[in-house]
>>> print(open('upload.cif').read())   # mmCIF, C-alpha atoms
data_upload
loop_
_atom_site.label_atom_id
_atom_site.label_comp_id
_atom_site.auth_asym_id
_atom_site.auth_seq_id
_atom_site.Cartn_x
_atom_site.Cartn_y
_atom_site.Cartn_z
CA MET H 13 25.82 49.06 68.86
CA SER H 14 27.74 47.01 71.42
CA PRO H 15 29.81 43.83 70.88
CA SER H 16 29.11 40.77 73.00
CA ARG H 17 32.23 38.93 74.14
CA SER H 18 33.32 36.10 76.41
CA ALA H 19 36.79 34.76 77.19
CA GLU H 20 36.67 32.12 74.44
CA THR H 21 34.19 33.39 71.84
CA TRP H 22 33.11 36.52 70.04
CA SER H 23 29.58 37.00 68.78
CA PRO H 24 28.04 39.68 66.52
CA TRP H 25 27.20 43.09 67.86
CA THR H 26 23.99 43.85 69.67
CA ILE H 27 22.09 46.40 67.56
CA SER H 28 19.73 48.85 69.21
CA ARG H 29 17.43 51.17 67.27
CA PRO H 30 16.03 53.83 69.61
CA ARG H 31 12.99 55.38 67.97
CA PRO H 32 11.58 58.83 68.77
CA PRO H 33 7.82 59.25 68.94
CA SER H 34 7.83 60.73 65.40
CA ARG H 35 10.25 61.79 62.71
CA THR H 36 9.98 65.47 63.66
CA THR H 37 9.99 65.15 67.44
CA SER H 38 12.46 67.40 69.24
CA SER H 39 14.02 64.88 71.59
CA PHE H 40 14.44 61.32 72.77
CA SER H 41 13.61 60.29 76.31
CA PRO H 42 16.50 60.77 78.78
CA ALA H 43 17.10 56.99 78.76
CA GLN H 44 17.36 56.96 74.96
CA VAL H 45 19.80 59.87 74.99
CA ARG H 46 21.97 58.01 77.51
CA GLU H 47 21.87 54.92 75.29
CA VAL H 48 23.28 56.95 72.40
CA GLY H 49 26.07 58.19 74.64
CA THR H 50 27.06 54.75 75.95
CA ALA H 51 26.94 52.88 72.64
CA ASP H 52 30.25 51.55 71.35
CA LEU H 53 29.33 52.78 67.86
CA VAL H 54 26.55 55.05 66.62
CA VAL H 55 25.50 54.82 62.96
CA TYR H 56 22.98 57.46 61.93
CA LEU H 57 21.82 59.70 59.09
CA SER H 58 22.12 63.35 60.06
CA GLY H 59 19.29 65.62 59.01
CA PHE H 60 16.77 62.77 58.91
CA GLN H 61 15.47 62.72 62.48
CA ASN H 62 15.84 65.74 64.72
CA ALA H 63 15.83 63.61 67.87
CA VAL H 64 18.80 61.53 66.70
CA ASP H 65 20.82 64.60 65.70
CA GLU H 66 20.20 66.21 69.07
CA ALA H 67 21.12 63.06 71.01
CA VAL H 68 24.40 62.66 69.10
CA ASP H 69 25.27 66.32 69.63
CA ALA H 70 24.40 66.13 73.33
CA ARG H 71 26.29 62.93 74.16
CA ALA H 72 29.14 63.11 71.61
CA PRO H 73 29.84 59.35 71.42
CA GLU H 74 33.43 58.44 70.65
CA HIS H 75 32.73 56.30 67.58
CA VAL H 76 30.21 57.65 65.08
CA VAL H 77 29.41 57.05 61.41
CA ASP H 78 27.21 59.66 59.78
CA ALA H 79 25.81 58.02 56.66
CA ALA H 80 25.10 61.46 55.21
CA ASP H 81 28.85 62.08 54.99
CA ALA H 82 29.81 58.62 53.80
CA ALA H 83 27.10 58.58 51.11
CA GLU H 84 27.69 62.21 50.10
CA LEU H 85 24.04 63.26 50.14
CA VAL H 86 22.82 65.77 47.58
CA GLU H 87 19.65 67.77 46.99
CA HIS H 88 17.18 66.47 44.43
CA ALA H 89 14.58 69.25 44.51
CA GLU H 90 13.87 70.73 41.09
CA GLU H 91 15.58 74.05 40.45
CA GLU H 92 12.28 75.64 39.48
CA GLY H 93 9.22 75.27 41.67
CA HIS H 94 6.17 73.34 40.60
CA GLU H 95 3.27 75.35 39.23
CA GLY H 96 0.99 76.23 42.15
CA GLU H 97 3.78 75.82 44.73
CA THR H 98 4.54 78.78 46.99
CA GLU H 99 8.06 80.21 47.22
CA GLU H 100 8.24 79.11 50.86
CA GLU H 101 7.27 75.52 50.00
CA HIS H 102 9.85 75.34 47.23
CA ALA H 103 12.58 76.93 49.36
CA GLU H 104 12.00 74.41 52.15
CA GLU H 105 12.22 71.49 49.73
CA GLU H 106 15.15 72.95 47.79
CA GLY H 107 17.27 73.14 50.94
CA ALA H 108 16.61 69.55 52.02
CA ALA H 109 19.11 66.82 51.20
CA ASP H 110 17.54 63.68 49.77
CA PRO H 111 18.07 60.90 52.37
CA HIS H 112 17.40 57.91 50.05
CA PHE H 113 21.07 57.19 49.27
CA TRP H 114 20.58 53.42 49.61
CA LEU H 115 18.76 53.33 46.26
CA ASP H 116 22.18 53.80 44.66
CA PRO H 117 24.15 50.61 45.45
CA SER H 118 27.47 52.41 45.09
CA ARG H 119 26.56 54.89 47.83
CA LEU H 120 25.36 52.10 50.11
CA ALA H 121 28.70 50.33 49.57
CA ALA H 122 30.52 53.50 50.66
CA VAL H 123 28.50 53.60 53.87
CA GLY H 124 29.23 49.92 54.47
CA GLN H 125 32.95 50.59 54.13
CA ALA H 126 32.76 53.51 56.58
CA VAL H 127 30.94 51.34 59.12
CA ALA H 128 33.49 48.54 58.76
CA GLU H 129 36.37 50.96 59.34
CA GLU H 130 34.76 52.40 62.46
CA LEU H 131 33.92 48.92 63.75
CA ALA H 132 37.60 48.04 63.39
CA ALA H 133 38.59 51.18 65.29
CA THR H 134 36.19 50.21 68.06
CA ASP H 135 37.11 46.52 68.12
CA PRO H 136 40.63 46.12 66.62
CA GLU H 137 40.79 42.45 67.56
CA HIS H 138 38.30 41.65 64.81
CA ALA H 139 39.39 44.24 62.24
CA ASP H 140 40.07 41.59 59.59
CA GLU H 141 36.55 40.20 59.95
CA TYR H 142 35.02 43.62 59.46
CA ALA H 143 37.20 44.27 56.42
CA ASP H 144 36.22 40.92 54.92
CA GLY H 145 32.55 41.65 55.50
CA ALA H 146 32.82 45.06 53.85
CA LEU H 147 34.61 43.48 50.89
CA ARG H 148 31.89 40.87 50.41
CA LEU H 149 29.18 43.50 50.71
CA GLY H 150 30.94 45.74 48.23
CA GLN H 151 31.30 42.92 45.73
CA ARG H 152 27.61 42.02 45.95
CA LEU H 153 26.57 45.65 45.59
CA ASP H 154 28.91 46.03 42.59
CA GLU H 155 27.15 43.06 40.99
CA LEU H 156 23.76 44.64 41.67
CA ASP H 157 24.96 47.95 40.29
CA GLN H 158 26.02 46.21 37.09
CA GLU H 159 22.63 44.47 36.84
CA PHE H 160 20.96 47.87 36.90
CA ALA H 161 23.43 49.39 34.46
CA ASP H 162 22.89 46.56 32.00
CA GLY H 163 19.12 46.40 32.46
CA LEU H 164 18.63 50.16 32.04
CA ALA H 165 21.28 50.78 29.40
CA ALA H 166 18.64 51.44 26.74
CA CYS H 167 16.64 53.72 29.04
CA GLN H 168 19.05 56.63 29.46
CA GLY H 169 17.11 59.88 29.61
CA ALA H 170 13.78 58.13 30.21
CA ALA H 171 11.32 59.95 32.49
CA LEU H 172 10.67 58.10 35.75
CA VAL H 173 7.39 59.44 37.16
CA THR H 174 7.05 58.49 40.83
CA SER H 175 4.58 59.35 43.55
CA HIS H 176 7.26 61.36 45.37
CA ASP H 177 10.91 62.31 44.93
CA ALA H 178 12.44 59.22 46.56
CA PHE H 179 14.38 57.89 43.59
CA GLY H 180 16.76 60.72 42.76
CA TYR H 181 19.95 58.77 43.52
CA LEU H 182 18.78 55.79 41.47
CA ALA H 183 17.84 58.11 38.61
CA ASP H 184 21.20 59.90 38.76
CA ARG H 185 23.15 56.64 38.82
CA TYR H 186 21.44 55.19 35.75
CA ALA H 187 20.83 58.38 33.74
CA LEU H 188 17.07 58.56 34.24
CA GLU H 189 15.01 61.71 34.77
CA GLN H 190 13.05 61.56 38.02
CA VAL H 191 9.72 63.38 37.98
CA GLY H 192 7.96 63.37 41.33
CA ILE H 193 4.21 63.86 41.50
CA SER H 194 4.91 65.21 45.00
CA GLY H 195 8.22 66.40 46.45
CA LEU H 196 10.43 64.75 49.06
CA ASP H 197 7.57 64.55 51.56
CA PRO H 198 5.50 61.45 50.68
CA GLU H 199 2.52 62.81 52.62
CA ALA H 200 2.35 66.06 50.62
CA GLU H 201 -0.66 66.46 48.32
CA PRO H 202 0.22 67.62 44.80
CA SER H 203 -1.54 70.74 43.60
CA PRO H 204 -3.98 70.60 40.67
CA ALA H 205 -1.42 72.59 38.70
CA ARG H 206 1.23 69.96 39.38
CA LEU H 207 -1.10 67.20 38.23
CA ARG H 208 -1.65 69.13 34.98
CA GLU H 209 2.13 69.38 34.55
CA ILE H 210 2.46 65.62 34.92
CA GLY H 211 -0.36 65.07 32.44
CA ASP H 212 1.33 67.31 29.87
CA LEU H 213 4.63 65.48 30.37
CA VAL H 214 3.00 62.06 29.96
CA GLU H 215 1.46 63.18 26.67
CA GLN H 216 4.61 64.85 25.35
CA ARG H 217 7.00 62.01 26.26
CA GLY H 218 4.71 59.06 25.57
CA ILE H 219 5.07 57.84 29.14
CA LYS H 220 3.17 54.61 29.69
CA THR H 221 3.63 53.94 33.44
CA LEU H 222 3.34 55.96 36.64
CA TYR H 223 5.02 54.46 39.71
CA SER H 224 3.49 54.36 43.16
CA GLU H 225 5.37 53.09 46.20
CA THR H 226 5.09 50.61 49.02
CA LEU H 227 4.22 52.11 52.43
CA VAL H 228 2.48 55.10 50.80
CA SER H 229 -1.10 55.25 49.59
CA PRO H 230 -1.21 54.76 45.80
CA LYS H 231 -4.54 56.61 45.48
CA VAL H 232 -3.22 59.82 43.87
CA THR H 233 -0.95 57.96 41.45
CA GLU H 234 -3.62 55.44 40.49
CA THR H 235 -6.26 58.13 39.99
CA LEU H 236 -3.94 60.22 37.84
CA ALA H 237 -2.90 57.19 35.78
CA SER H 238 -6.55 56.28 35.23
CA ASP H 239 -7.36 59.82 34.09
CA LEU H 240 -4.41 59.76 31.68
CA GLY H 241 -5.04 56.25 30.40
CA VAL H 242 -1.65 54.84 31.42
CA ASP H 243 -0.54 51.94 33.60
CA THR H 244 0.75 51.92 37.16
CA ALA H 245 3.50 49.86 38.78
CA VAL H 246 4.99 49.75 42.27
CA LEU H 247 8.53 50.60 43.36
CA ASP H 248 9.89 49.97 46.85
CA PRO H 249 12.01 52.82 48.29
CA LEU H 250 13.24 50.40 50.97
CA GLU H 251 12.25 52.65 53.84
CA GLY H 252 11.08 49.58 55.72
CA LEU H 253 10.93 45.85 55.00
CA PRO H 254 8.02 44.02 56.67
CA GLU H 255 8.97 41.12 58.94
CA GLU H 256 6.94 38.69 56.86
CA ASP H 257 8.91 39.65 53.75
CA MET H 258 12.21 39.13 55.55
CA ALA H 259 10.96 35.77 56.83
CA ALA H 260 10.18 34.84 53.23
CA GLY H 261 13.79 35.55 52.25
CA ASP H 262 13.52 39.07 50.87
CA ASP H 263 16.36 41.48 51.51
CA TYR H 264 17.87 44.62 50.01
CA VAL H 265 19.14 42.83 46.91
CA THR H 266 15.93 40.97 46.09
CA VAL H 267 13.81 44.10 46.57
CA MET H 268 16.14 46.13 44.37
CA GLN H 269 15.99 43.42 41.71
CA ALA H 270 12.19 43.63 41.82
CA ASN H 271 12.50 47.40 41.37
CA LEU H 272 14.72 46.83 38.34
CA ALA H 273 12.19 44.46 36.80
CA ALA H 274 9.43 47.04 37.29
CA LEU H 275 11.55 49.74 35.68
CA GLU H 276 12.48 47.57 32.70
CA GLU H 277 8.80 46.77 32.18
CA GLY H 278 7.40 50.26 32.59
CA LEU H 279 9.92 52.82 31.32
CA VAL H 280 9.89 54.06 27.74
CA CYS H 281 13.28 52.91 26.47
CA GLU H 282 14.93 52.64 23.05
#
>>> encode(input="upload.cif", output="structure tokens")
Amino acid sequence: MSPSRSAETWSPWTISRPRPPSRTTSSFSPAQVREVGTADLVVYLSGFQNAVDEAVDARAPEHVVDAADAAELVEHAEEEGHEGETEEEHAEEEGAADPHFWLDPSRLAAVGQAVAEELAATDPEHADEYADGALRLGQRLDELDQEFADGLAACQGAALVTSHDAFGYLADRYALEQVGISGLDPEAEPSPARLREIGDLVEQRGIKTLYSETLVSPKVTETLASDLGVDTAVLDPLEGLPEEDMAAGDDYVTVMQANLAALEEGLVCE
């Protein structure tokens, strides 16, 4: 991120998002690594993309916000492995921090505050503007947080069955029990034993809805729901917002509100 200035005016920062060839690639191109080193501020999520971690370590930019620290990431893997899962598979998942902090508005607000403080350190002339922006963001996220708390107040302890373990922070915040058909990796195929576990849970708890996600094939979730005779609904983990949706006016708040509506409709609450 780099601010654009002239003698008379100040305009918002220029935001650059260097992207490695894939999430697990070992490095950026040399030009991308240099860009990380010359940025006025780097905001990243450590442990999410190897290439980003390596570039930050190699170039050591002066101003950095690691969202993993600001959001206080935690692990959301189940303490006991799924039936049919090897010890190695469970150990790998158990040691991975869940990156989806933004599904808890309070954690996103904390990251926003950390970014505002580092922006002010980088550009003290506009510190008040950054503080005001963080305050407005925090207030709006507090309002959203309260909407969820009110809307899900009768659902405490309800089982939230999702296609993968992306909603742990949301579940923790509003006292739900996340049950992932797959683990943290959305591309992982659940074992037949895991599908039987989900079926038993649906029967025991009277679950009426299984949740698939945007950006991930719903085939497994829809097939399982059909076999069990229950409904499906869609949640958005906000891992990417299509340009056409943004052009139509959708943003983080509107998508989260749609998630809340889907939860209120599909969860088994008091």
>>> residues_around(input="upload.cif", residues="stretch 252-259 of chain H", least_positions_apart="5", cutoff="10 Å", atoms="only C-alpha atoms", output="list in words")
Thr226, Leu227, Tyr264 and Val267 of chain H
>>> write_last_selection(input="upload.cif", atoms="C-alpha atoms", output="short mmCIF file (atom, residue, chain, number, x, y, z; two decimals), in the coordinates of the input")
data_model
loop_
_atom_site.label_atom_id
_atom_site.label_comp_id
_atom_site.auth_asym_id
_atom_site.auth_seq_id
_atom_site.Cartn_x
_atom_site.Cartn_y
_atom_site.Cartn_z
CA THR H 226 5.09 50.61 49.02
CA LEU H 227 4.22 52.11 52.43
CA TYR H 264 17.87 44.62 50.01
CA VAL H 267 13.81 44.10 46.57
#
>>> closest_atom_pairs(input="upload.cif", of="stretch 135-251 of chain H", to="stretch 107-124 of chain H", cutoff="8 Å", atoms="all atoms listed in the file", output="Markdown table")
| residue | atom | partner | partner_atom | distance |
| --- | --- | --- | --- | --- |
| H:Ala146 | CA | H:Gly124 | CA | 6.1 |
| H:Leu149 | CA | H:Ala121 | CA | 6.9 |
| H:Gly150 | CA | H:Ala121 | CA | 5.3 |
| H:Leu153 | CA | H:Pro117 | CA | 5.5 |
| H:Asp154 | CA | H:Ser118 | CA | 7.0 |
| H:Leu156 | CA | H:Pro117 | CA | 7.1 |
| H:Asp157 | CA | H:Pro117 | CA | 5.9 |
| H:Ala178 | CA | H:His112 | CA | 6.2 |
| H:Phe179 | CA | H:Leu115 | CA | 6.9 |
| H:Gly180 | CA | H:Asp110 | CA | 7.6 |
| H:Tyr181 | CA | H:Asp116 | CA | 5.6 |
| H:Leu182 | CA | H:Asp116 | CA | 5.1 |
| H:Arg185 | CA | H:Asp116 | CA | 6.6 |
| H:Leu196 | CA | H:Asp110 | CA | 7.2 |
| H:Pro249 | CA | H:Leu115 | CA | 7.1 |
| H:Leu250 | CA | H:Leu115 | CA | 7.8 |
>>> atom_distance(input="upload.cif", atom1="atom CA of H:Asp69", atom2="atom CA of H:Asp81")
15.7 Å
>>> atom_distance(input="upload.cif", atom1="atom CA of H:Gly169", atom2="atom CA of H:Leu236")
22.6 Å
>>> atom_distance(input="upload.cif", atom1="atom CA of H:Ala274", atom2="atom CA of H:Leu57")
28.1 Å
>>> resolve_selection(input="upload.cif", expression="the PyMOL selection byres ((chain H and resi 70-77) around 10)", output="number ranges by chain")
H: 45-58, 64-69, 78-82, 123-124, 126-131, 133-134
>>> resolve_selection(input="upload.cif", expression="the PyMOL selection byres ((chain H and resi 166) around 6)", output="ChimeraX atom specification")
/H:164-165,167-168,281-282
>>> residues_near_point(input="upload.cif", point="(10.4, 64.6, 36.7)", cutoff="9 Å", atoms="all atoms listed in the file", output="ChimeraX atom specification")
/H:90,171-174,177,189-193,210,213
>>> write_last_selection(input="upload.cif", atoms="C-alpha atoms", output="compact mmCIF listing (two decimals), keeping the file's coordinate frame")
# COMPACT_ATOMS: atom_id res chain seq x y z
CA GLU H 90 13.87 70.73 41.09
CA ALA H 171 11.32 59.95 32.49
CA LEU H 172 10.67 58.10 35.75
CA VAL H 173 7.39 59.44 37.16
CA THR H 174 7.05 58.49 40.83
CA ASP H 177 10.91 62.31 44.93
CA GLU H 189 15.01 61.71 34.77
CA GLN H 190 13.05 61.56 38.02
CA VAL H 191 9.72 63.38 37.98
CA GLY H 192 7.96 63.37 41.33
CA ILE H 193 4.21 63.86 41.50
CA ILE H 210 2.46 65.62 34.92
CA LEU H 213 4.63 65.48 30.37
>>> closest_residue(input="upload.cif", among="H:Val86, H:Asn271, H:Glu137, H:Pro30", to="H:Ala43", atoms="only C-alpha atoms")
H:Pro30
>>> axis_aligned_box(input="upload.cif", around="stretch 236-254 of chain H", padding_each_side="6 Å", output="JSON")
{"center_x": 2.9, "center_y": 52.1, "center_z": 43.5, "size_x": 32.6, "size_y": 28.2, "size_z": 38.3}
>>> closest_residue(input="upload.cif", among="H:Val214, H:Ala132, H:Ala139, H:Val265", to="H:Asp239", atoms="all atoms listed in the file")
H:Val214
>>> residues_around(input="upload.cif", residues="H:Pro198", least_positions_apart="5", cutoff="8 Å", atoms="only C-alpha atoms", output="ChimeraX atom specification")
/H:175-177,228
>>> build_atoms(input="upload.cif", residues="stretch 71-82 of chain H", atoms="all heavy atoms", output="CSV table (one decimal), keeping the file's coordinate frame")
chain,number,residue,atom,x,y,z
H,71,ARG,N,25.5,64.0,73.5
H,71,ARG,CA,26.3,62.9,74.2
H,71,ARG,C,27.7,62.8,73.5
H,71,ARG,O,28.6,62.2,74.2
H,71,ARG,CB,25.5,61.6,74.1
H,71,ARG,CG,24.2,61.6,74.8
H,71,ARG,CD,24.2,62.0,76.3
H,71,ARG,NE,24.9,60.9,77.0
H,71,ARG,CZ,25.0,60.8,78.3
H,71,ARG,NH1,24.4,61.8,79.1
H,71,ARG,NH2,25.7,59.9,78.9
H,72,ALA,N,27.8,63.2,72.3
H,72,ALA,CA,29.1,63.1,71.6
H,72,ALA,C,29.8,61.8,71.8
H,72,ALA,O,30.9,61.7,72.3
H,72,ALA,CB,30.1,64.2,72.1
H,73,PRO,N,29.2,60.7,71.3
H,73,PRO,CA,29.8,59.4,71.4
H,73,PRO,C,31.2,59.3,70.7
H,73,PRO,O,31.4,60.0,69.7
H,73,PRO,CB,28.8,58.4,70.8
H,73,PRO,CG,28.0,59.3,69.9
H,73,PRO,CD,27.9,60.6,70.6
H,74,GLU,N,32.1,58.5,71.2
H,74,GLU,CA,33.4,58.4,70.6
H,74,GLU,C,33.5,57.9,69.2
H,74,GLU,O,34.2,58.4,68.4
H,74,GLU,CB,34.3,57.5,71.5
H,74,GLU,CG,35.8,57.5,71.0
H,74,GLU,CD,36.6,56.6,72.0
H,74,GLU,OE1,36.1,56.1,73.0
H,74,GLU,OE2,37.8,56.4,71.6
H,75,HIS,N,32.7,56.9,68.9
H,75,HIS,CA,32.7,56.3,67.6
H,75,HIS,C,31.4,56.5,66.9
H,75,HIS,O,30.4,56.0,67.3
H,75,HIS,CB,33.0,54.8,67.7
H,75,HIS,CG,34.4,54.5,68.2
H,75,HIS,ND1,35.6,54.7,67.4
H,75,HIS,CD2,34.8,54.1,69.5
H,75,HIS,CE1,36.6,54.4,68.2
H,75,HIS,NE2,36.2,54.0,69.4
H,76,VAL,N,31.4,57.3,65.8
H,76,VAL,CA,30.2,57.6,65.1
H,76,VAL,C,30.4,57.5,63.6
H,76,VAL,O,31.5,57.9,63.1
H,76,VAL,CB,29.8,59.1,65.4
H,76,VAL,CG1,28.6,59.5,64.6
H,76,VAL,CG2,29.5,59.3,66.9
H,77,VAL,N,29.4,57.0,62.9
H,77,VAL,CA,29.4,57.0,61.4
H,77,VAL,C,28.2,57.8,61.0
H,77,VAL,O,27.0,57.4,61.3
H,77,VAL,CB,29.4,55.6,60.8
H,77,VAL,CG1,29.2,55.7,59.3
H,77,VAL,CG2,30.7,54.9,61.1
H,78,ASP,N,28.3,58.9,60.3
H,78,ASP,CA,27.2,59.7,59.8
H,78,ASP,C,27.1,59.2,58.3
H,78,ASP,O,27.9,59.6,57.5
H,78,ASP,CB,27.5,61.2,59.9
H,78,ASP,CG,26.3,62.0,59.4
H,78,ASP,OD1,25.3,61.4,58.9
H,78,ASP,OD2,26.3,63.2,59.5
H,79,ALA,N,26.0,58.5,58.0
H,79,ALA,CA,25.8,58.0,56.7
H,79,ALA,C,25.7,59.2,55.7
H,79,ALA,O,26.0,59.0,54.5
H,79,ALA,CB,24.6,57.1,56.6
H,80,ALA,N,25.2,60.3,56.1
H,80,ALA,CA,25.1,61.5,55.2
H,80,ALA,C,26.5,61.9,54.6
H,80,ALA,O,26.6,62.3,53.5
H,80,ALA,CB,24.5,62.6,55.9
H,81,ASP,N,27.5,61.8,55.5
H,81,ASP,CA,28.8,62.1,55.0
H,81,ASP,C,29.4,61.0,54.1
H,81,ASP,O,30.0,61.2,53.0
H,81,ASP,CB,29.8,62.3,56.2
H,81,ASP,CG,29.4,63.6,57.0
H,81,ASP,OD1,28.8,64.5,56.4
H,81,ASP,OD2,29.8,63.6,58.2
H,82,ALA,N,29.3,59.7,54.6
H,82,ALA,CA,29.8,58.6,53.8
H,82,ALA,C,29.2,58.5,52.4
H,82,ALA,O,29.8,58.1,51.4
H,82,ALA,CB,29.7,57.3,54.6
